[in-house]
Every structure is written in structure tokens, then in C-alpha cells.
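Engineer: This structure is in C-alpha cells; I'll ask about it shortly.
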Amino acid sequence: MIRRTQQSDARAILAMVENSGQFDADGLAHVQRTLDQHLAGQGDEIWLTADDGEPVAVAYCAPEPVTCGTWNLLMLWTREDRQGQGHGSGLVKRLENELRDRHARLLIVETSGLPEFATARTFYAKLGFTQEATIRDFFDSGDDKLVLTKPLEARSA
């Protein structure tokens with residue numbers, strides 16, 4: 001089941017992100033801070049949780065400042081033992097529907113160009129994202145930032 005993230009999900013989400021090994025201490029602190037702000041009702045961000053008896057995946061998306069209807073999927077994470085079961089694609093589909101309801105027109109995702117992120121890039125391509133830009137050496141020397149986009153068509157009335 002895909003649903004809005006709740007306070008009771010916070011501990012499991014933070015553990016999932018920490019156990020991924022993809023976030024340093026500053027990154028973990030940022031995730032906790034933004035999640036806490038969202039749960040306190042601050043901001044326009046969207047947090048969604050895939051719940052299969054417990055939180056198994058999470059999506060976090062925020063509006064891009066100084067744009068008209070552009071949103072950034074800043075985090076999409078599925079617990080390693082639950083990957084490949086449709087949780088990630090379910091979260092993205094639900095997110096797209098919520099964004100259409102908010103009259104968003106463009107969804108962006110930023111990822112790494114490193115070989116270990118090839119699965120993520122393939123995943124987003126299957127969901128209809130296309131690569132728009134590469135920023136060389138963005139994350140670190142030799143680690144490019146790839147910007148992927150997906151236009152969001154308005155829902156028919």
C-alpha cells in the first residue's frame with residue numbers, strides 16, 4: 001500500500017536510509033531534518049511510504065524554487081531486501097498523480113553517472129524519464145550528476 005508518510009514511519013525510514021550506506025552523517029541529518037519539518041506540517045514537500053506491514057520504501061519530492069510547476073524527486077529509496085517488488089514504481093506513479101493534482105508540469109530526478117547507479121538510471125528510463133543534462137564532476141571528481149526529466153500531462157477533466 002502506498003500512502004502519505006506518518007510520524008510512526010520516521011524511525012523505519014531513517015533506519016532504511018542509514019542502512020543503505022549511501023548517506024554520510026550530513027546527508028542523514030538532512031533527511032531527518034526535512035522529514036521532521038514535513039511531519040510538523042511545514043513546507044509543500046510530498047513524502048510517501050510504501051507499507052507492506054511496515055515501511056519498505058519511501059519517496060520525498062519538493063517543488064523547485066523559482067519555477068512554475070517543476071518538482072524534484074529528491075529521494076526514492078527501497079529497502080534492499082524489498083527491491084524489485086514494484087514498491088519504487090508504485091511510489092513514483094502515486095507521486096505523479098499527486099503532482100498532476102497540484103498542476104505540476106515537470107518532474108526531475110538527479111542521479112549519479114557512476115556505474116553502480118546504472119540500475120537506478122534504467123529504472124527511471126522504464127518509467128519514462130529522459131536524460132536532459134550532465135554536470136561533470138558534480139558529486140566528486142569523476143562522479144557526474146545526471147538530470148532526468150519527465151513531463152507531467154494534465155489530467156483530463
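Numbering starts fresh at 1 for the residues of each chain in the C-alpha cells, the chains themselves are lettered A, B, ... in the order given, and ligands are numbered from 1 as they appear.
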Let's see if you can do this: from backbone DSSP, list all alpha helix (DSSP H) residues in chain A, as a PyMOL selection string.
Structural biologist: chain A and resi 10-20+25-39+87-101+118-126
Engineer: Limited to N, CA and C atoms, could you put the picked residues into a file as a compact mmCIF listing (two decimals), in the first residue's frame?
Structural biologist:
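again_28.txt written:
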```txt
# COMPACT_ATOMS: atom_id res chain seq x y z
N ALA A 10 8.73 7.35 10.82
CA ALA A 10 10.01 8.06 10.84
C ALA A 10 11.19 7.16 11.20
N ARG A 11 11.08 6.41 12.26
CA ARG A 11 12.20 5.58 12.70
C ARG A 11 12.60 4.57 11.62
N ALA A 12 11.62 3.90 11.02
CA ALA A 12 11.91 2.89 9.99
C ALA A 12 12.51 3.54 8.74
N ILE A 13 12.01 4.71 8.35
CA ILE A 13 12.55 5.40 7.19
C ILE A 13 14.00 5.80 7.43
N LEU A 14 14.28 6.37 8.58
CA LEU A 14 15.65 6.79 8.88
C LEU A 14 16.59 5.59 8.95
N ALA A 15 16.12 4.48 9.49
CA ALA A 15 16.94 3.27 9.54
C ALA A 15 17.21 2.75 8.13
N MET A 16 16.19 2.78 7.28
CA MET A 16 16.33 2.32 5.90
C MET A 16 17.39 3.15 5.17
N VAL A 17 17.31 4.46 5.33
CA VAL A 17 18.25 5.36 4.66
C VAL A 17 19.66 5.16 5.22
N GLU A 18 19.77 5.05 6.53
CA GLU A 18 21.09 4.84 7.14
C GLU A 18 21.69 3.51 6.71
N ASN A 19 20.90 2.46 6.70
CA ASN A 19 21.39 1.13 6.33
C ASN A 19 21.78 1.02 4.86
N SER A 20 21.33 1.96 4.05
CA SER A 20 21.67 1.93 2.62
C SER A 20 23.16 2.15 2.39
N ALA A 25 26.94 11.33 7.37
CA ALA A 25 26.28 11.90 8.54
C ALA A 25 25.49 13.16 8.20
N ASP A 26 26.07 14.02 7.35
CA ASP A 26 25.36 15.24 6.95
C ASP A 26 24.10 14.91 6.15
N GLY A 27 24.20 13.92 5.25
CA GLY A 27 23.04 13.51 4.46
C GLY A 27 21.94 12.95 5.33
N LEU A 28 22.32 12.12 6.30
CA LEU A 28 21.32 11.55 7.22
C LEU A 28 20.66 12.65 8.04
N ALA A 29 21.44 13.61 8.50
CA ALA A 29 20.89 14.72 9.28
C ALA A 29 19.92 15.53 8.42
N HIS A 30 20.25 15.71 7.15
CA HIS A 30 19.36 16.45 6.25
C HIS A 30 18.04 15.70 6.06
N VAL A 31 18.11 14.40 5.85
CA VAL A 31 16.89 13.60 5.69
C VAL A 31 16.03 13.71 6.95
N GLN A 32 16.65 13.57 8.10
CA GLN A 32 15.88 13.65 9.35
C GLN A 32 15.26 15.03 9.52
N ARG A 33 16.01 16.07 9.23
CA ARG A 33 15.51 17.44 9.38
C ARG A 33 14.32 17.70 8.45
N THR A 34 14.45 17.30 7.18
CA THR A 34 13.35 17.55 6.24
C THR A 34 12.13 16.71 6.56
N LEU A 35 12.35 15.47 7.00
CA LEU A 35 11.23 14.62 7.40
C LEU A 35 10.53 15.20 8.62
N ASP A 36 11.30 15.63 9.62
CA ASP A 36 10.72 16.24 10.82
C ASP A 36 9.90 17.48 10.46
N GLN A 37 10.42 18.31 9.56
CA GLN A 37 9.70 19.52 9.15
C GLN A 37 8.39 19.16 8.46
N HIS A 38 8.44 18.17 7.59
CA HIS A 38 7.23 17.73 6.89
C HIS A 38 6.19 17.22 7.88
N LEU A 39 6.62 16.36 8.81
CA LEU A 39 5.69 15.78 9.78
C LEU A 39 5.11 16.85 10.72
N HIS A 87 7.64 -1.59 -5.43
CA HIS A 87 7.40 -0.50 -4.47
C HIS A 87 7.87 0.85 -5.03
N GLY A 88 9.03 0.87 -5.64
CA GLY A 88 9.56 2.13 -6.20
C GLY A 88 8.69 2.67 -7.31
N SER A 89 8.32 1.82 -8.26
CA SER A 89 7.48 2.29 -9.36
C SER A 89 6.10 2.70 -8.85
N GLY A 90 5.59 2.00 -7.84
CA GLY A 90 4.31 2.38 -7.24
C GLY A 90 4.38 3.76 -6.59
N LEU A 91 5.48 4.02 -5.91
CA LEU A 91 5.66 5.34 -5.30
C LEU A 91 5.73 6.44 -6.36
N VAL A 92 6.46 6.20 -7.43
CA VAL A 92 6.59 7.22 -8.48
C VAL A 92 5.24 7.46 -9.15
N LYS A 93 4.49 6.42 -9.43
CA LYS A 93 3.17 6.60 -10.06
C LYS A 93 2.23 7.39 -9.16
N ARG A 94 2.21 7.07 -7.88
CA ARG A 94 1.35 7.82 -6.95
C ARG A 94 1.81 9.27 -6.86
N LEU A 95 3.12 9.47 -6.82
CA LEU A 95 3.68 10.82 -6.77
C LEU A 95 3.27 11.61 -8.01
N GLU A 96 3.38 11.00 -9.17
CA GLU A 96 2.98 11.69 -10.40
C GLU A 96 1.52 12.10 -10.35
N ASN A 97 0.66 11.23 -9.85
CA ASN A 97 -0.76 11.58 -9.74
C ASN A 97 -0.98 12.75 -8.79
N GLU A 98 -0.29 12.74 -7.65
CA GLU A 98 -0.43 13.86 -6.71
C GLU A 98 0.09 15.16 -7.32
N LEU A 99 1.17 15.05 -8.08
CA LEU A 99 1.72 16.25 -8.71
C LEU A 99 0.78 16.79 -9.79
N ARG A 100 0.16 15.92 -10.53
CA ARG A 100 -0.83 16.37 -11.52
C ARG A 100 -1.98 17.09 -10.83
N ASP A 101 -2.41 16.58 -9.68
CA ASP A 101 -3.47 17.24 -8.92
C ASP A 101 -3.04 18.63 -8.47
N ALA A 118 23.72 2.48 -12.43
CA ALA A 118 23.12 2.08 -13.70
C ALA A 118 21.72 1.52 -13.51
N THR A 119 21.50 0.76 -12.44
CA THR A 119 20.18 0.19 -12.17
C THR A 119 19.15 1.30 -11.95
N ALA A 120 19.54 2.35 -11.22
CA ALA A 120 18.64 3.48 -10.99
C ALA A 120 18.32 4.17 -12.31
N ARG A 121 19.31 4.38 -13.14
CA ARG A 121 19.07 5.05 -14.42
C ARG A 121 18.14 4.22 -15.31
N THR A 122 18.32 2.91 -15.31
CA THR A 122 17.44 2.02 -16.09
C THR A 122 16.02 2.06 -15.54
N PHE A 123 15.89 2.06 -14.22
CA PHE A 123 14.59 2.14 -13.56
C PHE A 123 13.84 3.40 -14.01
N TYR A 124 14.51 4.55 -13.95
CA TYR A 124 13.84 5.80 -14.33
C TYR A 124 13.50 5.83 -15.82
N ALA A 125 14.38 5.28 -16.66
CA ALA A 125 14.08 5.23 -18.10
C ALA A 125 12.82 4.41 -18.36
N LYS A 126 12.65 3.29 -17.65
CA LYS A 126 11.45 2.46 -17.81
C LYS A 126 10.19 3.21 -17.40
```
Engineer: Nearest residue to Gln85 (chain A) out of A:Glu153, A:Glu116, A:Phe139, A:Asp52, using only C-alpha atoms?
Structural biologist: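 So, comparing all the options, the nearest one is A:Asp52.
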Engineer: Give me every strand (DSSP E or B) residue in chain A, going by DSSP on the backbone, as a VMD selection string.
Structural biologist: chain A and resid 2 to 4 46 to 51 55 to 63 70 to 78 106 to 112 130 to 140 143 to 151
Engineer: So how many Å separate CA of Thr5 (chain A) and CA of Gln131 (chain A), to one decimal?
Structural biologist: 28.8 Å
Engineer: Out of A:Asp144, A:Glu132, A:Asp51, A:Asp137, which residue has the shortest atom-to-atom distance to Leu114 (chain A) when counting only C-alpha atoms?
Structural biologist: A:Asp144
Engineer: To one decimal place, how far is CA of Met75 (chain A) from CA of Val147 (chain A) in Å?
Structural biologist: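 Distance reported for this atom pair: 13.6 Å.
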Engineer: Give me, please, the distance in Å between CA of Gly113 (chain A) and CA of Pro151 (chain A), quoted to one decimal.
Structural biologist: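 Atom-to-atom, CA of Gly113 (chain A) to CA of Pro151 (chain A), that is 21.7 Å.
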Engineer: Under the rule that only C-alpha atoms are counted, which of A:Arg82, A:Val66, A:Tyr60, A:Arg136 is the nearest residue to Val109 (chain A)?
Structural biologist: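 That would be A:Tyr60, the residue with the smallest distance to Val109 (chain A).
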